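> Sharing protein_8.cif here; it has mmCIF, C-alpha atoms and all ligand atoms.
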```
data_model
loop_
_atom_site.label_atom_id
_atom_site.label_comp_id
_atom_site.auth_asym_id
_atom_site.auth_seq_id
_atom_site.Cartn_x
_atom_site.Cartn_y
_atom_site.Cartn_z
CA MET A 1 0.00 0.00 0.00
CA PRO A 2 1.21 3.54 -0.69
CA THR A 3 2.45 5.75 2.14
CA LEU A 4 1.37 9.33 2.91
CA LEU A 5 3.21 11.80 5.11
CA VAL A 6 1.07 14.77 6.17
CA THR A 7 2.15 17.56 8.53
CA GLY A 8 -0.18 19.26 11.04
CA ALA A 9 -2.40 16.17 11.03
CA ASN A 10 -3.87 16.55 14.53
CA ARG A 11 -6.75 18.81 13.43
CA GLY A 12 -8.39 20.59 10.51
CA LEU A 13 -7.47 19.69 6.95
CA GLY A 14 -4.44 17.64 7.99
CA LEU A 15 -6.58 15.32 10.12
CA GLU A 16 -9.09 14.96 7.28
CA PHE A 17 -6.31 14.04 4.81
CA ALA A 18 -5.03 11.42 7.27
CA SER A 19 -8.53 10.09 7.83
CA GLN A 20 -9.50 9.78 4.14
CA TYR A 21 -6.23 8.17 3.00
CA SER A 22 -6.31 5.82 5.99
CA ALA A 23 -9.90 4.81 5.08
CA ASP A 24 -8.61 4.03 1.58
CA GLY A 25 -6.05 1.62 3.04
CA TRP A 26 -2.98 3.83 2.69
CA THR A 27 -0.26 3.72 5.32
CA VAL A 28 -0.36 7.17 6.93
CA ILE A 29 2.28 9.04 8.88
CA GLY A 30 0.66 12.07 10.48
CA THR A 31 2.74 14.61 12.33
CA ALA A 32 1.72 16.68 15.33
CA ARG A 33 3.53 19.12 17.57
CA GLU A 34 2.04 17.32 20.59
CA PRO A 35 1.43 13.68 19.62
CA ASP A 36 0.02 12.80 23.07
CA LYS A 37 -2.89 15.15 22.43
CA ALA A 38 -3.52 13.94 18.86
CA THR A 39 -6.08 11.36 19.92
CA GLU A 40 -8.25 11.43 16.76
CA LEU A 41 -5.18 10.95 14.59
CA GLY A 42 -3.92 8.15 16.84
CA ALA A 43 -7.23 6.31 16.52
CA LEU A 44 -7.03 6.01 12.71
CA ASP A 45 -6.20 2.67 11.06
CA ASN A 46 -2.73 2.16 9.54
CA CYS A 47 -1.66 5.51 10.96
CA ALA A 48 1.48 6.39 12.90
CA THR A 49 1.77 9.70 14.72
CA MET A 50 5.20 11.34 14.75
CA GLN A 51 6.31 14.48 16.60
CA LEU A 52 7.18 17.44 14.38
CA ASP A 53 7.27 21.18 14.90
CA VAL A 54 8.09 22.29 11.37
CA ALA A 55 9.57 25.59 12.58
CA ASP A 56 11.97 23.96 15.06
CA ALA A 57 15.24 22.78 13.49
CA ASP A 58 15.93 20.24 16.28
CA SER A 59 12.45 18.77 15.93
CA VAL A 60 12.92 18.49 12.16
CA ASP A 61 16.29 16.74 12.64
CA SER A 62 14.82 14.26 15.15
CA PHE A 63 11.87 13.62 12.84
CA MET A 64 14.12 12.99 9.84
CA ASN A 65 16.25 10.58 11.89
CA ALA A 66 13.19 8.68 13.06
CA LEU A 67 11.78 8.55 9.52
CA GLY A 68 15.01 7.20 8.05
CA ASP A 69 14.84 6.06 4.45
CA ARG A 70 11.16 5.06 4.39
CA PRO A 71 9.70 5.57 0.92
CA LEU A 72 6.91 8.18 0.79
CA ASP A 73 4.50 8.04 -2.15
CA LEU A 74 2.97 11.37 -1.20
CA PHE A 75 4.19 14.22 0.99
CA ILE A 76 1.52 16.78 1.89
CA SER A 77 2.86 19.90 3.54
CA ASN A 78 -0.28 21.03 5.35
CA ALA A 79 0.83 22.67 8.61
CA GLY A 80 0.28 26.39 8.48
CA THR A 81 -0.55 29.49 10.44
CA TYR A 82 -2.44 32.70 9.66
CA GLY A 83 -0.18 34.98 11.68
CA SER A 84 -1.34 38.33 12.98
CA ARG A 85 -3.49 40.75 11.00
CA GLU A 86 -1.33 43.69 12.09
CA VAL A 87 2.02 43.88 10.40
CA ASP A 88 4.40 42.90 13.18
CA ARG A 89 8.04 42.17 12.32
CA GLY A 90 8.45 39.23 14.71
CA ASP A 91 5.18 37.59 13.75
CA TRP A 92 5.88 38.05 10.03
CA ARG A 93 9.19 36.21 10.48
CA LYS A 94 7.48 33.38 12.42
CA THR A 95 4.77 33.05 9.79
CA LEU A 96 7.30 32.91 6.97
CA GLU A 97 9.15 30.22 8.92
CA VAL A 98 6.04 28.00 9.23
CA ASN A 99 4.31 28.69 5.90
CA THR A 100 7.24 29.21 3.53
CA ILE A 101 10.65 28.12 4.78
CA ALA A 102 9.63 24.95 6.63
CA PRO A 103 7.54 23.39 3.81
CA THR A 104 10.30 24.04 1.30
CA MET A 105 13.18 22.82 3.48
CA LEU A 106 11.17 19.70 4.36
CA ALA A 107 10.45 19.01 0.69
CA LEU A 108 14.17 19.24 -0.08
CA ARG A 109 15.06 16.89 2.78
CA LEU A 110 12.28 14.42 1.93
CA LYS A 111 13.20 14.23 -1.75
CA PRO A 112 15.13 10.92 -1.39
CA ASN A 113 12.17 9.33 0.46
CA VAL A 114 9.73 10.42 -2.24
CA MET A 115 12.10 9.36 -5.03
CA ALA A 116 12.29 5.90 -3.45
CA SER A 117 8.50 5.45 -3.74
CA GLU A 118 6.28 4.35 -6.59
CA ARG A 119 4.02 7.42 -6.96
CA LYS A 120 6.48 10.26 -6.24
CA LYS A 121 4.20 13.21 -5.44
CA MET A 122 4.40 16.33 -3.26
CA ALA A 123 1.64 18.83 -2.47
CA VAL A 124 1.68 22.03 -0.43
CA LEU A 125 -1.36 23.67 1.14
CA THR A 126 -1.04 27.25 0.05
CA SER A 127 -3.92 29.69 -0.49
CA LYS A 128 -5.67 31.80 -3.06
CA MET A 129 -4.74 34.63 -0.69
CA GLY A 130 -1.21 34.19 -2.00
CA SER A 131 -2.43 35.04 -5.50
CA MET A 132 -1.65 38.56 -6.67
CA THR A 133 -4.14 38.21 -9.54
CA ASP A 134 -6.90 37.43 -7.04
CA ASN A 135 -6.04 40.13 -4.52
CA GLY A 136 -8.85 42.64 -4.81
CA SER A 137 -9.25 43.56 -1.16
CA GLY A 138 -5.73 44.10 0.23
CA GLY A 139 -4.92 43.40 3.89
CA ALA A 140 -3.62 40.13 5.39
CA ILE A 141 -0.11 41.19 4.38
CA ILE A 142 1.67 38.57 6.51
CA TYR A 143 -0.43 35.59 5.43
CA ARG A 144 -0.65 36.63 1.77
CA SER A 145 3.09 37.18 1.44
CA SER A 146 3.93 33.86 3.14
CA LYS A 147 1.70 31.94 0.70
CA ALA A 148 2.90 33.91 -2.37
CA ALA A 149 6.48 33.07 -1.32
CA VAL A 150 5.77 29.37 -0.84
CA ASN A 151 4.21 29.32 -4.31
CA ALA A 152 7.39 30.82 -5.77
CA ALA A 153 9.57 28.29 -3.92
CA TRP A 154 7.45 25.26 -4.86
CA LYS A 155 7.20 26.36 -8.50
CA SER A 156 10.99 26.05 -8.52
CA LEU A 157 10.79 22.68 -6.77
CA ALA A 158 8.43 21.44 -9.49
CA ILE A 159 11.01 22.34 -12.13
CA ASP A 160 14.01 21.18 -10.10
CA PHE A 161 12.41 17.80 -9.23
CA GLU A 162 11.17 16.99 -12.73
CA ASP A 163 14.27 14.99 -13.67
CA ASP A 164 13.86 13.03 -10.43
CA GLY A 165 10.36 12.01 -11.48
CA ILE A 166 8.64 13.91 -8.65
CA ALA A 167 5.39 15.74 -9.48
CA VAL A 168 4.49 18.81 -7.41
CA VAL A 169 1.23 20.72 -6.92
CA MET A 170 0.29 23.89 -5.04
CA LEU A 171 -3.22 23.55 -3.57
CA HIS A 172 -5.87 26.04 -2.51
CA PRO A 173 -8.29 24.10 -0.26
CA GLY A 174 -11.16 26.59 -0.62
CA TRP A 175 -12.48 28.55 2.36
CA VAL A 176 -12.90 25.68 4.79
CA GLN A 177 -14.58 25.27 8.21
CA THR A 178 -11.56 24.70 10.45
CA ASP A 179 -10.03 26.64 13.34
CA MET A 180 -8.27 28.78 10.73
CA GLY A 181 -11.19 29.14 8.32
CA GLY A 182 -13.78 29.76 11.05
CA PRO A 183 -17.43 28.67 11.25
CA ASN A 184 -18.63 30.94 8.40
CA ALA A 185 -16.37 29.28 5.84
CA LEU A 186 -18.07 27.99 2.70
CA ILE A 187 -17.19 24.28 2.70
CA ASP A 188 -16.42 21.50 5.15
CA THR A 189 -13.16 19.58 5.42
CA LYS A 190 -14.64 16.46 3.74
CA THR A 191 -15.57 18.40 0.58
CA SER A 192 -12.23 20.20 0.47
CA VAL A 193 -10.07 17.13 1.05
CA SER A 194 -12.07 14.86 -1.31
CA GLY A 195 -11.54 17.46 -4.04
CA MET A 196 -7.83 17.90 -3.31
CA ARG A 197 -7.38 14.11 -3.33
CA GLU A 198 -8.80 14.04 -6.85
CA VAL A 199 -6.37 16.75 -7.92
CA ILE A 200 -3.50 14.81 -6.33
CA GLY A 201 -4.69 11.57 -7.93
CA ASP A 202 -4.55 13.20 -11.38
CA LEU A 203 -1.16 14.80 -10.71
CA ASP A 204 1.69 13.64 -12.92
CA LEU A 205 4.84 15.13 -14.41
CA ASN A 206 2.81 16.71 -17.25
CA SER A 207 0.62 18.63 -14.81
CA SER A 208 3.38 19.37 -12.26
CA GLY A 209 3.96 22.97 -11.09
CA ARG A 210 0.36 24.20 -11.19
CA PHE A 211 -1.61 26.22 -8.62
CA LEU A 212 -4.99 24.49 -8.33
CA ALA A 213 -8.06 24.79 -6.14
CA TYR A 214 -9.81 21.84 -4.46
CA ASP A 215 -12.30 21.81 -7.36
CA SER A 216 -9.45 21.57 -9.92
CA ALA A 217 -9.82 25.23 -11.00
CA GLU A 218 -6.52 26.82 -12.04
CA ILE A 219 -5.60 29.91 -9.99
CA GLY A 220 -3.69 32.88 -11.38
CA TRP A 221 -0.37 33.59 -9.69
N1 LIG B 1 -9.12 26.71 6.35
C1 LIG B 1 -9.05 27.47 5.27
O1 LIG B 1 -10.05 28.11 4.88
C2 LIG B 1 -7.77 27.53 4.48
C3 LIG B 1 -7.78 28.31 3.29
C4 LIG B 1 -6.62 28.38 2.52
C5 LIG B 1 -5.49 27.70 2.94
N2 LIG B 1 -5.48 26.98 4.09
C6 LIG B 1 -4.24 26.29 4.46
O2 LIG B 1 -4.50 24.92 4.73
C7 LIG B 1 -3.58 24.43 5.72
C8 LIG B 1 -4.34 23.76 6.87
O3 LIG B 1 -5.21 24.72 7.41
P1 LIG B 1 -6.37 24.42 8.47
O4 LIG B 1 -7.52 25.26 8.07
O5 LIG B 1 -6.52 22.95 8.67
O6 LIG B 1 -5.71 25.10 9.77
P2 LIG B 1 -5.85 24.78 11.34
O7 LIG B 1 -7.15 24.13 11.61
O8 LIG B 1 -5.52 26.05 12.02
O9 LIG B 1 -4.68 23.70 11.58
C9 LIG B 1 -3.34 24.09 11.39
C10 LIG B 1 -2.46 22.90 11.61
O10 LIG B 1 -1.11 23.33 11.38
C11 LIG B 1 -0.35 22.94 12.53
N3 LIG B 1 0.80 23.82 12.77
C12 LIG B 1 0.82 25.16 12.93
N4 LIG B 1 2.08 25.57 13.18
C13 LIG B 1 2.86 24.45 13.17
C14 LIG B 1 4.24 24.21 13.37
N5 LIG B 1 5.11 25.19 13.66
N6 LIG B 1 4.71 22.92 13.26
C15 LIG B 1 3.84 21.92 13.00
N7 LIG B 1 2.53 22.08 12.83
C16 LIG B 1 2.06 23.34 12.92
C17 LIG B 1 -1.33 23.00 13.69
O11 LIG B 1 -0.81 22.28 14.79
P3 LIG B 1 -1.21 22.69 16.34
O12 LIG B 1 -2.53 22.03 16.61
O13 LIG B 1 -0.09 22.14 17.14
O14 LIG B 1 -1.30 24.19 16.40
C18 LIG B 1 -2.53 22.33 13.03
O15 LIG B 1 -2.36 20.95 13.00
C19 LIG B 1 -2.75 25.63 6.16
O16 LIG B 1 -1.51 25.63 5.48
C20 LIG B 1 -3.60 26.82 5.74
O17 LIG B 1 -2.84 27.99 5.50
C21 LIG B 1 -6.61 26.88 4.87
#
```
Turn this file's structure into structure tokens for me.

Amino acid sequence: MPTLLVTGANRGLGLEFASQYSADGWTVIGTAREPDKATELGALDNCATMQLDVADADSVDSFMNALGDRPLDLFISNAGTYGSREVDRGDWRKTLEVNTIAPTMLALRLKPNVMASERKKMAVLTSKMGSMTDNGSGGAIIYRSSKAAVNAAWKSLAIDFEDDGIAVVMLHPGWVQTDMGGPNALIDTKTSVSGMREVIGDLDLNSSGRFLAYDSAEIGW
């Protein structure tokens, strides 16, 4: 059975990814900053919980050591943060660390694991809010810039990884009812993740490097 690694899998979209792939019989590795508290994740079939704070270099090193050379058919970089609405220097840096630097550094470090698998796919949860074409309302400078930057980085990864046979996609999950999306969001996690799983299922080297919504719509950069 194929293996999925998904970060931030203790709640929200990450938990739903873990749940749906587990239900399909995949082997799932879900990461959480506090594994002891990730009870819903721990209760899933074929699912191992591993500790990972993506913004903590020591945690990333320990995680990589524990993972070893296990092949990963699919790496989903899901963990993310909204950051503050006010433009605060320290918070901007922290948000860039979680939303931009960590997903990209992890992808680079996980490349051998993904190359060793059969399916060889990577996906990052970014956001339409990182689209400059779509930005008609301004604001959210910290979040928008962190997602625009991760798009730029992962577009390069898509090109750089092509010769290694790894296909890469940048995903907008929609506006989803999670702690981040809030109760007024338009869709639930099941709808969002089912759609993104279809996009990931269709992903191959020919479609690598695109910025796609959960309903397969292409998003302008
Ligand atoms: N919901 C939406 O409407 C929406 C829209 C567009 C894009 N997205 C993106 O989709 C992804 C998932 O969002 P969500 O709505 O599921 O958010 P969420 O409910 O707030 O969950 C965020 C997840 O990220 C984890 N996380 C945060 N900082 C971390 C760190 N330093 N290291 C490891 N894990 C960390 C959280 O872990 P803890 O529980 O330990 O905090 C949690 O598991 C994010 O990248 C988000 O930007 C969401």
> My list of candidates is A:Asn99, A:Thr31, A:Ser117, A:Asn184. Which is closest to A:Asp69 when distances are computed with only C-alpha atoms?
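Residue with the minimum atom-to-atom distance to A:Asp69: A:Ser117.
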> Mind checking which residues fall within 9 Å of stretch 200-205 of chain A, counting all atoms listed in the file, ignoring those fewer than 5 positions away in the same chain, and posting them as number ranges by chain?
A: 74, 119-123, 158, 162, 165-169, 195
> Out of A:Leu125, A:Leu13, A:Phe161, A:Ile219, which residue has the shortest atom-to-atom distance to A:Pro112 when counting all atoms listed in the file?
A:Phe161
> Find the distance between atom CA of A:Asp24 and atom CA of A:Gly174 and write it in Å to one decimal.
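Value for the atom CA of A:Asp24-atom CA of A:Gly174 distance: 22.8 Å.
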> List every residue of chain A that has an atom at most 7 Å from any atom of ligand LIG 1 (chain B), and for each one report the closest atom pair and its distance in Å to one decimal, counting all atoms listed in the file, with rows sorted by chain and then by increasing residue number, as a Markdown table.

```
| residue | atom | partner | partner_atom | distance |
| --- | --- | --- | --- | --- |
| A:Thr7 | CA | B:LIG1 | N7 | 6.3 |
| A:Gly8 | CA | B:LIG1 | O15 | 3.4 |
| A:Ala9 | CA | B:LIG1 | O15 | 5.2 |
| A:Asn10 | CA | B:LIG1 | O15 | 4.9 |
| A:Arg11 | CA | B:LIG1 | O15 | 4.9 |
| A:Gly12 | CA | B:LIG1 | O5 | 3.5 |
| A:Leu13 | CA | B:LIG1 | O5 | 3.8 |
| A:Gly14 | CA | B:LIG1 | O5 | 5.7 |
| A:Ala32 | CA | B:LIG1 | N7 | 6.0 |
| A:Arg33 | CA | B:LIG1 | O13 | 4.7 |
| A:Glu34 | CA | B:LIG1 | O13 | 6.3 |
| A:Leu52 | CA | B:LIG1 | C15 | 5.8 |
| A:Asp53 | CA | B:LIG1 | N6 | 3.5 |
| A:Val54 | CA | B:LIG1 | N6 | 3.9 |
| A:Ala55 | CA | B:LIG1 | N5 | 4.6 |
| A:Asn78 | CA | B:LIG1 | C7 | 4.8 |
| A:Ala79 | CA | B:LIG1 | O10 | 3.4 |
| A:Gly80 | CA | B:LIG1 | O16 | 3.6 |
| A:Thr81 | CA | B:LIG1 | C12 | 5.2 |
| A:Tyr82 | CA | B:LIG1 | O17 | 6.3 |
| A:Val98 | CA | B:LIG1 | N5 | 5.3 |
| A:Asn99 | CA | B:LIG1 | O16 | 6.6 |
| A:Leu125 | CA | B:LIG1 | O16 | 4.8 |
| A:Thr126 | CA | B:LIG1 | C5 | 5.3 |
| A:Ser127 | CA | B:LIG1 | C4 | 4.3 |
| A:Lys128 | CA | B:LIG1 | C4 | 6.6 |
| A:His172 | CA | B:LIG1 | C4 | 5.6 |
| A:Pro173 | CA | B:LIG1 | C4 | 5.4 |
| A:Gly174 | CA | B:LIG1 | C3 | 5.4 |
| A:Trp175 | CA | B:LIG1 | O1 | 3.5 |
| A:Val176 | CA | B:LIG1 | O1 | 3.7 |
| A:Gln177 | CA | B:LIG1 | N1 | 5.9 |
| A:Thr178 | CA | B:LIG1 | O7 | 4.6 |
| A:Asp179 | CA | B:LIG1 | O7 | 4.2 |
| A:Met180 | CA | B:LIG1 | O8 | 4.1 |
| A:Gly181 | CA | B:LIG1 | N1 | 3.8 |
| A:Ala185 | CA | B:LIG1 | O1 | 6.5 |
```
> Could you tell me which of A:Ile159, A:Asn151, A:Glu218, A:Gly42 comes closest to A:Asn206 if we count all atoms listed in the file?
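Among the listed residues, the smallest separation from A:Asn206 belongs to A:Ile159.
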> Taking into account all atoms listed in the file, which residue in the set A:Ala152, A:Val6, A:Ala102, A:Cys47 is nearest to A:Leu72?
A:Val6
> Mind giving me the straight-line distance from atom CA of A:Tyr214 to atom CA of A:Lys147 in Å, one decimal?
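Distance between the two atoms: 16.2 Å.
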> Rounded to one decimal place, report the atom CA of A:Thr49-atom CA of A:Thr27 distance in Å.
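Separation of atom CA of A:Thr49 and atom CA of A:Thr27: 11.3 Å.
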> Nearest residue to A:Leu108 out of A:Met132, A:Met50, A:Leu157, A:Met1, using all atoms listed in the file?
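For A:Leu108, the nearest of the given residues is A:Leu157.
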> Which is closest to A:Gly68 among A:Asn113, A:Glu118, A:Leu44, A:Trp154, if we use all atoms listed in the file?
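The shortest atom-to-atom distance to A:Gly68 comes from A:Asn113.
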> Can you pull out the residues contacting stretch 136-145 of chain A? Cut-off 9 Å, using only C-alpha atoms, and skip same-chain residues under 5 positions away; I want them as number ranges by chain.
A: 81-88, 91-93, 95-96, 99, 127-131, 150
> Quick one: residues within 7 Å of A:Val193, all atoms listed in the file counted, chain neighbours fewer than 2 positions away excluded, as an mmCIF file with C-alpha atoms, keeping the file's coordinate frame?

```
data_model
loop_
_atom_site.group_PDB
_atom_site.id
_atom_site.type_symbol
_atom_site.label_atom_id
_atom_site.label_comp_id
_atom_site.auth_asym_id
_atom_site.auth_seq_id
_atom_site.Cartn_x
_atom_site.Cartn_y
_atom_site.Cartn_z
ATOM 1 C CA LEU A 13 -7.470 19.690 6.950
ATOM 2 C CA GLU A 16 -9.090 14.960 7.280
ATOM 3 C CA PHE A 17 -6.310 14.040 4.810
ATOM 4 C CA THR A 189 -13.160 19.580 5.420
ATOM 5 C CA LYS A 190 -14.640 16.460 3.740
ATOM 6 C CA THR A 191 -15.570 18.400 0.580
ATOM 7 C CA GLY A 195 -11.540 17.460 -4.040
ATOM 8 C CA MET A 196 -7.830 17.900 -3.310
ATOM 9 C CA ARG A 197 -7.380 14.110 -3.330
#
```
> What would stretch 179-199 of chain A look like with N, CA and C atoms restored, written as a PDB file, keeping the file's coordinate frame?

```
ATOM      1  N   ASP A 179     -10.373  25.569  12.394  1.00  0.00           N
ATOM      2  CA  ASP A 179     -10.030  26.640  13.340  1.00  0.00           C
ATOM      3  C   ASP A 179      -9.546  27.874  12.566  1.00  0.00           C
ATOM      4  N   MET A 180      -8.779  27.643  11.499  1.00  0.00           N
ATOM      5  CA  MET A 180      -8.270  28.780  10.730  1.00  0.00           C
ATOM      6  C   MET A 180      -9.369  29.418   9.885  1.00  0.00           C
ATOM      7  N   GLY A 181     -10.155  28.611   9.227  1.00  0.00           N
ATOM      8  CA  GLY A 181     -11.190  29.140   8.320  1.00  0.00           C
ATOM      9  C   GLY A 181     -12.380  29.730   9.049  1.00  0.00           C
ATOM     10  N   GLY A 182     -12.651  29.258  10.267  1.00  0.00           N
ATOM     11  CA  GLY A 182     -13.780  29.760  11.050  1.00  0.00           C
ATOM     12  C   GLY A 182     -15.098  29.123  10.641  1.00  0.00           C
ATOM     13  N   PRO A 183     -16.146  29.339  11.462  1.00  0.00           N
ATOM     14  CA  PRO A 183     -17.430  28.670  11.250  1.00  0.00           C
ATOM     15  C   PRO A 183     -18.202  29.181  10.025  1.00  0.00           C
ATOM     16  N   ASN A 184     -17.887  30.391   9.547  1.00  0.00           N
ATOM     17  CA  ASN A 184     -18.630  30.940   8.400  1.00  0.00           C
ATOM     18  C   ASN A 184     -18.049  30.515   7.058  1.00  0.00           C
ATOM     19  N   ALA A 185     -17.001  29.703   7.095  1.00  0.00           N
ATOM     20  CA  ALA A 185     -16.370  29.280   5.840  1.00  0.00           C
ATOM     21  C   ALA A 185     -17.375  28.526   4.969  1.00  0.00           C
ATOM     22  N   LEU A 186     -17.067  28.458   3.682  1.00  0.00           N
ATOM     23  CA  LEU A 186     -18.070  27.990   2.700  1.00  0.00           C
ATOM     24  C   LEU A 186     -18.192  26.480   2.600  1.00  0.00           C
ATOM     25  N   ILE A 187     -17.123  25.748   2.887  1.00  0.00           N
ATOM     26  CA  ILE A 187     -17.190  24.280   2.700  1.00  0.00           C
ATOM     27  C   ILE A 187     -16.609  23.566   3.921  1.00  0.00           C
ATOM     28  N   ASP A 188     -16.963  22.273   4.031  1.00  0.00           N
ATOM     29  CA  ASP A 188     -16.420  21.500   5.150  1.00  0.00           C
ATOM     30  C   ASP A 188     -15.135  20.772   4.722  1.00  0.00           C
ATOM     31  N   THR A 189     -14.461  20.200   5.699  1.00  0.00           N
ATOM     32  CA  THR A 189     -13.160  19.580   5.420  1.00  0.00           C
ATOM     33  C   THR A 189     -13.309  18.373   4.483  1.00  0.00           C
ATOM     34  N   LYS A 190     -14.434  17.647   4.605  1.00  0.00           N
ATOM     35  CA  LYS A 190     -14.640  16.460   3.740  1.00  0.00           C
ATOM     36  C   LYS A 190     -14.673  16.857   2.274  1.00  0.00           C
ATOM     37  N   THR A 191     -15.441  17.919   1.969  1.00  0.00           N
ATOM     38  CA  THR A 191     -15.570  18.400   0.580  1.00  0.00           C
ATOM     39  C   THR A 191     -14.207  18.867   0.070  1.00  0.00           C
ATOM     40  N   SER A 192     -13.525  19.650   0.881  1.00  0.00           N
ATOM     41  CA  SER A 192     -12.230  20.200   0.470  1.00  0.00           C
ATOM     42  C   SER A 192     -11.212  19.082   0.206  1.00  0.00           C
ATOM     43  N   VAL A 193     -11.101  18.171   1.164  1.00  0.00           N
ATOM     44  CA  VAL A 193     -10.070  17.130   1.050  1.00  0.00           C
ATOM     45  C   VAL A 193     -10.412  16.122  -0.048  1.00  0.00           C
ATOM     46  N   SER A 194     -11.701  15.773  -0.206  1.00  0.00           N
ATOM     47  CA  SER A 194     -12.070  14.860  -1.310  1.00  0.00           C
ATOM     48  C   SER A 194     -11.647  15.471  -2.646  1.00  0.00           C
ATOM     49  N   GLY A 195     -11.921  16.781  -2.796  1.00  0.00           N
ATOM     50  CA  GLY A 195     -11.540  17.460  -4.040  1.00  0.00           C
ATOM     51  C   GLY A 195     -10.038  17.486  -4.234  1.00  0.00           C
ATOM     52  N   MET A 196      -9.301  17.830  -3.191  1.00  0.00           N
ATOM     53  CA  MET A 196      -7.830  17.900  -3.310  1.00  0.00           C
ATOM     54  C   MET A 196      -7.251  16.523  -3.595  1.00  0.00           C
ATOM     55  N   ARG A 197      -7.878  15.476  -3.052  1.00  0.00           N
ATOM     56  CA  ARG A 197      -7.380  14.110  -3.330  1.00  0.00           C
ATOM     57  C   ARG A 197      -7.562  13.760  -4.803  1.00  0.00           C
ATOM     58  N   GLU A 198      -8.629  14.270  -5.402  1.00  0.00           N
ATOM     59  CA  GLU A 198      -8.800  14.040  -6.850  1.00  0.00           C
ATOM     60  C   GLU A 198      -7.706  14.747  -7.636  1.00  0.00           C
ATOM     61  N   VAL A 199      -7.431  15.992  -7.244  1.00  0.00           N
ATOM     62  CA  VAL A 199      -6.370  16.750  -7.920  1.00  0.00           C
ATOM     63  C   VAL A 199      -5.041  16.004  -7.775  1.00  0.00           C
TER      64      VAL A 199
END
```
